[in-house]
file target29.tsv (TSV, C-alpha atoms)
chain	number	residue	atom	x	y	z
O	1	MET	CA	41.93	-77.39	-28.00
O	2	GLN	CA	44.39	-77.80	-30.89
O	3	ILE	CA	48.07	-76.89	-30.71
O	4	TYR	CA	50.90	-77.11	-33.23
O	5	GLY	CA	54.41	-75.67	-33.47
O	6	MET	CA	57.22	-75.58	-36.01
O	7	SER	CA	60.69	-74.01	-36.29
O	8	ASP	CA	62.73	-73.26	-39.41
O	9	ILE	CA	66.35	-72.16	-39.83
O	10	GLY	CA	65.43	-69.56	-42.44
O	11	LEU	CA	67.48	-68.79	-45.54
O	12	THR	CA	70.59	-67.05	-44.23
O	13	ARG	CA	71.50	-68.39	-40.76
O	14	GLU	CA	73.97	-71.25	-40.29
O	15	SER	CA	72.15	-72.65	-37.26
O	16	ASN	CA	68.75	-72.47	-35.59
O	17	GLN	CA	68.95	-70.93	-32.12
O	18	ASP	CA	65.18	-70.84	-31.70
O	19	VAL	CA	63.51	-73.54	-29.62
O	20	PHE	CA	59.86	-74.19	-28.85
O	21	TYR	CA	57.66	-76.56	-26.89
O	22	CYS	CA	53.92	-77.16	-26.78
O	23	TYR	CA	52.15	-79.57	-24.47
O	24	LYS	CA	48.46	-80.39	-24.10
O	25	ILE	CA	47.49	-81.76	-20.69
O	26	ASN	CA	43.85	-82.24	-21.71
O	27	GLU	CA	41.29	-80.67	-24.05
O	28	ASP	CA	41.02	-77.54	-21.89
O	29	PHE	CA	44.56	-77.23	-20.55
O	30	CYS	CA	47.87	-76.63	-22.36
O	31	PHE	CA	51.11	-74.70	-22.18
O	32	ALA	CA	53.65	-73.56	-24.75
O	33	PHE	CA	56.74	-71.40	-25.08
O	34	VAL	CA	59.11	-69.96	-27.69
O	35	CYS	CA	62.75	-68.96	-27.13
O	36	ASP	CA	65.10	-67.08	-29.45
O	37	GLY	CA	68.74	-67.39	-28.38
O	38	MET	CA	71.25	-64.55	-28.58
O	39	GLY	CA	74.96	-64.11	-27.95
O	40	GLY	CA	76.86	-65.60	-30.84
O	41	GLN	CA	76.52	-68.98	-32.52
O	42	ASN	CA	77.33	-71.03	-29.43
O	43	GLY	CA	75.91	-68.74	-26.76
O	44	GLY	CA	72.44	-68.33	-28.22
O	45	ASP	CA	72.11	-72.04	-28.76
O	46	VAL	CA	73.25	-72.86	-25.23
O	47	ALA	CA	70.92	-70.29	-23.65
O	48	SER	CA	67.74	-71.28	-25.52
O	49	ASN	CA	68.37	-74.99	-25.05
O	50	THR	CA	69.04	-74.49	-21.34
O	51	VAL	CA	65.54	-73.04	-21.01
O	52	LEU	CA	64.10	-75.84	-23.12
O	53	GLU	CA	65.72	-78.57	-21.03
O	54	PHE	CA	64.80	-77.03	-17.68
O	55	PHE	CA	61.24	-75.98	-18.48
O	56	THR	CA	60.30	-79.29	-20.12
O	57	ARG	CA	61.74	-81.25	-17.22
O	58	VAL	CA	59.94	-79.28	-14.50
O	59	ILE	CA	56.75	-77.65	-15.79
O	60	PRO	CA	54.77	-80.54	-17.38
O	61	ARG	CA	55.27	-82.67	-14.28
O	62	GLU	CA	53.91	-79.93	-12.02
O	63	LEU	CA	50.98	-79.04	-14.28
O	64	GLU	CA	49.92	-82.69	-14.34
O	65	ARG	CA	49.22	-82.34	-10.61
O	66	ASP	CA	46.30	-80.06	-11.52
O	67	ILE	CA	47.56	-77.14	-9.45
O	68	ASP	CA	45.53	-73.94	-9.16
O	69	GLU	CA	46.15	-70.65	-10.96
O	70	GLU	CA	48.19	-69.02	-8.20
O	71	GLU	CA	50.40	-72.10	-7.93
O	72	ILE	CA	50.92	-72.08	-11.70
O	73	LYS	CA	51.92	-68.42	-11.62
O	74	ASN	CA	54.42	-69.03	-8.79
O	75	LEU	CA	55.77	-72.11	-10.57
O	76	ILE	CA	56.45	-70.27	-13.83
O	77	PHE	CA	58.03	-67.26	-12.12
O	78	SER	CA	60.32	-69.52	-10.08
O	79	CYS	CA	61.32	-71.44	-13.22
O	80	TYR	CA	62.25	-68.20	-14.99
O	81	GLU	CA	64.30	-67.10	-11.97
O	82	GLU	CA	66.16	-70.38	-11.65
O	83	VAL	CA	66.98	-70.80	-15.32
O	84	ASN	CA	68.05	-67.14	-15.46
O	85	ARG	CA	70.55	-67.77	-12.67
O	86	ASN	CA	71.82	-70.90	-14.41
O	87	ILE	CA	72.43	-69.13	-17.73
O	88	TYR	CA	73.90	-66.04	-16.07
O	89	ASP	CA	76.34	-68.10	-13.98
O	90	VAL	CA	77.49	-70.15	-16.98
O	91	ALA	CA	77.90	-67.04	-19.12
O	92	ASN	CA	80.05	-65.35	-16.50
O	93	SER	CA	82.25	-68.39	-15.96
O	94	ASN	CA	82.94	-69.09	-19.64
O	95	GLU	CA	84.61	-66.45	-21.80
O	96	PHE	CA	83.16	-67.98	-24.97
O	97	LEU	CA	79.60	-67.71	-23.66
O	98	LYS	CA	79.76	-64.26	-22.04
O	99	GLY	CA	76.73	-62.14	-22.87
O	100	MET	CA	74.53	-65.02	-23.97
O	101	GLY	CA	70.81	-64.98	-23.29
O	102	THR	CA	67.46	-65.82	-24.79
O	103	THR	CA	63.98	-64.44	-25.19
O	104	CYS	CA	61.21	-66.56	-23.72
O	105	SER	CA	57.48	-66.07	-24.14
O	106	LEU	CA	55.22	-68.63	-22.49
O	107	VAL	CA	51.48	-69.18	-22.13
O	108	VAL	CA	49.38	-71.45	-19.97
O	109	ILE	CA	45.74	-71.87	-21.02
O	110	LYS	CA	43.42	-73.55	-18.55
O	111	ASN	CA	39.70	-73.62	-19.30
O	112	SER	CA	38.91	-70.08	-20.42
O	113	ARG	CA	41.87	-68.27	-18.84
O	114	MET	CA	45.28	-67.64	-20.38
O	115	MET	CA	48.35	-66.68	-18.37
O	116	ILE	CA	51.08	-64.92	-20.38
O	117	PHE	CA	54.74	-64.56	-19.37
O	118	SER	CA	57.31	-62.82	-21.57
O	119	VAL	CA	60.93	-61.72	-21.65
O	120	GLY	CA	62.48	-60.25	-24.79
O	121	ASP	CA	60.78	-59.70	-28.14
O	122	SER	CA	59.24	-63.07	-28.95
O	123	ARG	CA	55.57	-62.25	-29.14
O	124	VAL	CA	52.17	-63.61	-28.14
O	125	TYR	CA	49.12	-62.65	-30.20
O	126	LEU	CA	45.40	-63.25	-29.81
O	127	LYS	CA	43.20	-63.57	-32.89
O	128	LYS	CA	39.53	-63.13	-32.03
O	129	GLY	CA	37.31	-63.09	-35.10
O	130	LYS	CA	39.04	-60.88	-37.66
O	131	ASP	CA	41.06	-58.95	-35.07
O	132	LEU	CA	44.70	-59.74	-34.25
O	133	GLU	CA	46.03	-58.22	-31.02
O	134	GLN	CA	49.62	-58.28	-29.76
O	135	LEU	CA	49.45	-59.25	-26.08
O	136	THR	CA	53.13	-58.86	-25.19
O	137	VAL	CA	55.34	-55.77	-25.24
O	138	ASP	CA	58.74	-56.05	-26.92
O	139	HIS	CA	61.70	-55.56	-24.62
O	140	SER	CA	63.70	-53.77	-27.28
O	141	TYR	CA	65.48	-50.49	-27.95
O	142	VAL	CA	63.02	-49.44	-30.66
O	143	GLN	CA	60.02	-50.19	-28.42
O	144	THR	CA	61.54	-47.79	-25.89
O	145	LEU	CA	61.72	-45.15	-28.60
O	146	VAL	CA	58.09	-45.82	-29.55
O	147	ASP	CA	57.00	-45.57	-25.91
O	148	CYS	CA	58.78	-42.22	-25.60
O	149	GLY	CA	57.13	-40.92	-28.77
O	150	GLU	CA	60.46	-40.49	-30.60
O	151	ILE	CA	59.48	-42.81	-33.46
O	152	THR	CA	56.26	-44.40	-34.71
O	153	LYS	CA	55.45	-48.11	-34.84
O	154	GLU	CA	55.91	-47.97	-38.61
O	155	GLU	CA	59.36	-46.38	-38.26
O	156	ALA	CA	60.30	-49.06	-35.70
O	157	LYS	CA	59.88	-51.78	-38.32
O	158	THR	CA	62.81	-50.48	-40.37
O	159	HIS	CA	64.92	-48.88	-37.65
O	160	PRO	CA	68.62	-49.93	-37.90
O	161	ARG	CA	68.66	-50.93	-34.21
O	162	LYS	CA	65.38	-52.84	-34.21
O	163	ASN	CA	67.11	-56.10	-33.23
O	164	GLU	CA	68.59	-54.73	-30.00
O	165	ILE	CA	67.05	-56.47	-27.00
O	166	THR	CA	66.88	-54.71	-23.63
O	167	ASN	CA	65.77	-57.71	-21.56
O	168	ALA	CA	66.47	-61.42	-21.93
O	169	VAL	CA	66.82	-64.55	-19.83
O	170	GLY	CA	70.38	-64.83	-18.53
O	171	ILE	CA	71.84	-61.40	-19.30
O	172	LEU	CA	71.39	-59.96	-15.80
O	173	GLU	CA	71.60	-61.48	-12.34
O	174	GLU	CA	67.96	-60.56	-11.66
O	175	ILE	CA	65.24	-61.10	-14.26
O	176	LYS	CA	62.10	-59.07	-14.93
O	177	VAL	CA	59.24	-61.08	-16.42
O	178	ASP	CA	56.13	-59.41	-17.83
O	179	TYR	CA	52.91	-61.10	-16.77
O	180	ARG	CA	49.23	-60.72	-17.60
O	181	TYR	CA	46.17	-62.91	-17.95
O	182	ILE	CA	43.14	-62.69	-20.19
O	183	GLU	CA	39.95	-64.60	-20.90
O	184	VAL	CA	39.82	-66.63	-24.11
O	185	GLU	CA	36.80	-68.06	-25.92
O	186	LYS	CA	36.00	-70.95	-28.21
O	187	ASN	CA	37.52	-70.50	-31.70
O	188	ASP	CA	40.04	-67.89	-30.54
O	189	PHE	CA	43.58	-68.38	-31.85
O	190	VAL	CA	46.71	-67.81	-29.79
O	191	LEU	CA	49.99	-67.30	-31.67
O	192	LEU	CA	53.49	-67.46	-30.17
O	193	CYS	CA	56.42	-66.58	-32.43
O	194	SER	CA	60.01	-65.43	-32.66
O	195	ASP	CA	60.89	-62.21	-34.50
O	196	GLY	CA	61.84	-64.25	-37.56
O	197	LEU	CA	58.11	-64.23	-38.29
O	198	THR	CA	57.20	-60.69	-37.27
O	199	ASN	CA	60.16	-59.14	-39.12
O	200	HIS	CA	58.91	-60.66	-42.37
O	201	CYS	CA	55.13	-60.79	-42.01
O	202	SER	CA	52.82	-57.91	-41.20
O	203	ASP	CA	50.03	-58.34	-38.67
O	204	GLU	CA	47.57	-58.21	-41.57
O	205	THR	CA	49.35	-61.05	-43.38
O	206	ILE	CA	49.51	-63.16	-40.21
O	207	SER	CA	45.80	-62.63	-39.55
O	208	ASP	CA	44.81	-63.43	-43.14
O	209	ILE	CA	46.78	-66.68	-43.21
O	210	ILE	CA	45.29	-67.91	-39.93
O	211	GLU	CA	41.82	-66.99	-41.15
O	212	LYS	CA	42.09	-68.63	-44.57
O	213	GLU	CA	43.72	-71.95	-43.66
O	214	GLU	CA	41.34	-74.58	-42.29
O	215	ASP	CA	43.98	-76.55	-40.36
O	216	ILE	CA	46.34	-74.92	-37.83
O	217	LYS	CA	49.22	-77.05	-39.15
O	218	ASP	CA	48.70	-75.54	-42.59
O	219	SER	CA	48.58	-72.06	-41.05
O	220	VAL	CA	51.89	-72.57	-39.26
O	221	LYS	CA	53.59	-73.94	-42.36
O	222	LYS	CA	52.23	-71.11	-44.53
O	223	LEU	CA	53.44	-68.46	-42.05
O	224	ILE	CA	56.95	-69.91	-42.21
O	225	ASP	CA	56.86	-70.24	-45.99
O	226	VAL	CA	55.80	-66.60	-46.40
O	227	SER	CA	58.51	-65.44	-43.97
O	228	ASN	CA	61.12	-67.25	-46.04
O	229	PHE	CA	59.65	-65.89	-49.28
O	230	ASN	CA	59.96	-62.37	-47.82
O	231	GLY	CA	63.64	-62.80	-47.00
O	232	GLY	CA	64.06	-65.48	-44.33
O	233	LYS	CA	66.90	-63.53	-42.70
O	234	ASP	CA	66.40	-65.13	-39.28
O	235	ASN	CA	65.25	-68.35	-37.66
O	236	ILE	CA	61.45	-68.59	-37.72
O	237	THR	CA	59.40	-70.26	-34.99
O	238	VAL	CA	55.62	-70.38	-34.77
O	239	ILE	CA	53.16	-72.02	-32.36
O	240	LEU	CA	49.44	-71.76	-33.05
O	241	ILE	CA	46.72	-72.74	-30.57
O	242	LYS	CA	43.02	-72.94	-31.43
O	243	VAL	CA	40.88	-72.73	-28.34

call {"tool": "encode", "arguments": {"input": "target29.tsv", "output": "structure tokens"}}
result
Amino acid sequence: MQIYGMSDIGLTRESNQDVFYCYKINEDFCFAFVCDGMGGQNGGDVASNTVLEFFTRVIPRELERDIDEEEIKNLIFSCYEEVNRNIYDVANSNEFLKGMGTTCSLVVIKNSRMMIFSVGDSRVYLKKGKDLEQLTVDHSYVQTLVDCGEITKEEAKTHPRKNEITNAVGILEEIKVDYRYIEVEKNDFVLLCSDGLTNHCSDETISDIIEKEEDIKDSVKKLIDVSNFNGGKDNITVILIKV
């Protein structure tokens, strides 16, 4: 299993509020996550880095114990709940941080099974052969409109309110985390990314770049370069895993 991640400030932002982490326990076992902070310059940075600090302190240590799938699921859910409370409490006790939060999409791959957890609109994709499939559902205002049939997926890409998030870590006292698991196979690719990538690269472009580059590091760098070439209006974070 190969895994590589990279984050870039983009061309217009003054700071990078995205964070990421990828960790390989062994050749058949890894976990990774991407966060995209929100809530002003200070708030977004505080929220995403709070998740980074907490998750990296707790999760690798527990996964090293070789716990089973149900224990992993309970561990990740409890980590989301605890860090959500931490961010929510800080936000409501500090006027300058009120309303802060962060997206967080996380995967655990063990042997041939992948567990997927997501909050917000940072996405997880699976590339199997030539097909690229989005595995997460955006928690966003425009996704709600798409689900209701009021706009199409194409119209959502240019909707003026496409950046409005309806669910994030830390914005409410209780958190709702989407969860699913799927089987993965040798030579599948798993992509985690912030919307700095998906707002500037189509699914077709993402798939083509992953397919054409021989090394996953080159794929990640090319995805970021193309996002910046196409505007770079947001922070861009990409993790690519080759099973």

call {"tool": "closest_residue", "arguments": {"input": "target29.tsv", "among": "O:Asp138, O:Glu82, O:Asp218, O:Glu213", "to": "Gly5 of chain O", "atoms": "all atoms listed in the file"}}
result
O:Asp218

call {"tool": "residues_near_point", "arguments": {"input": "target29.tsv", "point": "(67.3, -62.3, -20.8)", "cutoff": "10 Å", "atoms": "all atoms listed in the file", "output": "list in words"}}
result
Gly37, Met38, Ala47, Tyr80, Asn84, Ile87, Tyr88, Gly99, Met100, Gly101, Thr102, Thr103, Cys104, Val119, Gly120, His139, Ile165, Thr166, Asn167, Ala168, Val169, Gly170, Ile171, Leu172, Glu173, Glu174, Ile175, Lys176 and Val177 of chain O

call {"tool": "write_last_selection", "arguments": {"input": "target29.tsv", "atoms": "C-alpha atoms", "output": "short mmCIF file (atom, residue, chain, number, x, y, z; two decimals), in the frame of the given file"}}
result
data_model
loop_
_atom_site.label_atom_id
_atom_site.label_comp_id
_atom_site.auth_asym_id
_atom_site.auth_seq_id
_atom_site.Cartn_x
_atom_site.Cartn_y
_atom_site.Cartn_z
CA GLY O 37 68.74 -67.39 -28.38
CA MET O 38 71.25 -64.55 -28.58
CA ALA O 47 70.92 -70.29 -23.65
CA TYR O 80 62.25 -68.20 -14.99
CA ASN O 84 68.05 -67.14 -15.46
CA ILE O 87 72.43 -69.13 -17.73
CA TYR O 88 73.90 -66.04 -16.07
CA GLY O 99 76.73 -62.14 -22.87
CA MET O 100 74.53 -65.02 -23.97
CA GLY O 101 70.81 -64.98 -23.29
CA THR O 102 67.46 -65.82 -24.79
CA THR O 103 63.98 -64.44 -25.19
CA CYS O 104 61.21 -66.56 -23.72
CA VAL O 119 60.93 -61.72 -21.65
CA GLY O 120 62.48 -60.25 -24.79
CA HIS O 139 61.70 -55.56 -24.62
CA ILE O 165 67.05 -56.47 -27.00
CA THR O 166 66.88 -54.71 -23.63
CA ASN O 167 65.77 -57.71 -21.56
CA ALA O 168 66.47 -61.42 -21.93
CA VAL O 169 66.82 -64.55 -19.83
CA GLY O 170 70.38 -64.83 -18.53
CA ILE O 171 71.84 -61.40 -19.30
CA LEU O 172 71.39 -59.96 -15.80
CA GLU O 173 71.60 -61.48 -12.34
CA GLU O 174 67.96 -60.56 -11.66
CA ILE O 175 65.24 -61.10 -14.26
CA LYS O 176 62.10 -59.07 -14.93
CA VAL O 177 59.24 -61.08 -16.42
#

call {"tool": "residues_around", "arguments": {"input": "target29.tsv", "residues": "Tyr179 of chain O", "least_positions_apart": "2", "cutoff": "12 Å", "atoms": "all atoms listed in the file", "output": "list in words"}}
result
Lys73, Asn74, Ile76, Phe77, Tyr80, Ser105, Leu106, Val107, Val108, Met114, Met115, Ile116, Phe117, Ser118, Val119, Val124, Leu135, Thr136, Val137, Lys176, Val177, Tyr181 and Ile182 of chain O

call {"tool": "write_last_selection", "arguments": {"input": "target29.tsv", "atoms": "C-alpha atoms", "output": "PDB file, in the coordinates of the input"}}
result
ATOM      1  CA  LYS O  73      51.920 -68.420 -11.620  1.00  0.00           C
ATOM      2  CA  ASN O  74      54.420 -69.030  -8.790  1.00  0.00           C
ATOM      3  CA  ILE O  76      56.450 -70.270 -13.830  1.00  0.00           C
ATOM      4  CA  PHE O  77      58.030 -67.260 -12.120  1.00  0.00           C
ATOM      5  CA  TYR O  80      62.250 -68.200 -14.990  1.00  0.00           C
ATOM      6  CA  SER O 105      57.480 -66.070 -24.140  1.00  0.00           C
ATOM      7  CA  LEU O 106      55.220 -68.630 -22.490  1.00  0.00           C
ATOM      8  CA  VAL O 107      51.480 -69.180 -22.130  1.00  0.00           C
ATOM      9  CA  VAL O 108      49.380 -71.450 -19.970  1.00  0.00           C
ATOM     10  CA  MET O 114      45.280 -67.640 -20.380  1.00  0.00           C
ATOM     11  CA  MET O 115      48.350 -66.680 -18.370  1.00  0.00           C
ATOM     12  CA  ILE O 116      51.080 -64.920 -20.380  1.00  0.00           C
ATOM     13  CA  PHE O 117      54.740 -64.560 -19.370  1.00  0.00           C
ATOM     14  CA  SER O 118      57.310 -62.820 -21.570  1.00  0.00           C
ATOM     15  CA  VAL O 119      60.930 -61.720 -21.650  1.00  0.00           C
ATOM     16  CA  VAL O 124      52.170 -63.610 -28.140  1.00  0.00           C
ATOM     17  CA  LEU O 135      49.450 -59.250 -26.080  1.00  0.00           C
ATOM     18  CA  THR O 136      53.130 -58.860 -25.190  1.00  0.00           C
ATOM     19  CA  VAL O 137      55.340 -55.770 -25.240  1.00  0.00           C
ATOM     20  CA  LYS O 176      62.100 -59.070 -14.930  1.00  0.00           C
ATOM     21  CA  VAL O 177      59.240 -61.080 -16.420  1.00  0.00           C
ATOM     22  CA  TYR O 181      46.170 -62.910 -17.950  1.00  0.00           C
ATOM     23  CA  ILE O 182      43.140 -62.690 -20.190  1.00  0.00           C
TER      24      ILE O 182
END

call {"tool": "closest_residue", "arguments": {"input": "target29.tsv", "among": "O:Gly44, O:Asn228, O:Asp188, O:Ile25", "to": "Lys98 of chain O", "atoms": "only C-alpha atoms"}}
result
O:Gly44

call {"tool": "closest_residue", "arguments": {"input": "target29.tsv", "among": "O:Glu164, O:Val46, O:Ser78, O:Thr205", "to": "Val58 of chain O", "atoms": "all atoms listed in the file"}}
result
O:Ser78

call {"tool": "atom_distance", "arguments": {"input": "target29.tsv", "atom1": "atom CA of Glu185 of chain O", "atom2": "atom CA of Tyr23 of chain O"}}
result
19.2 Å
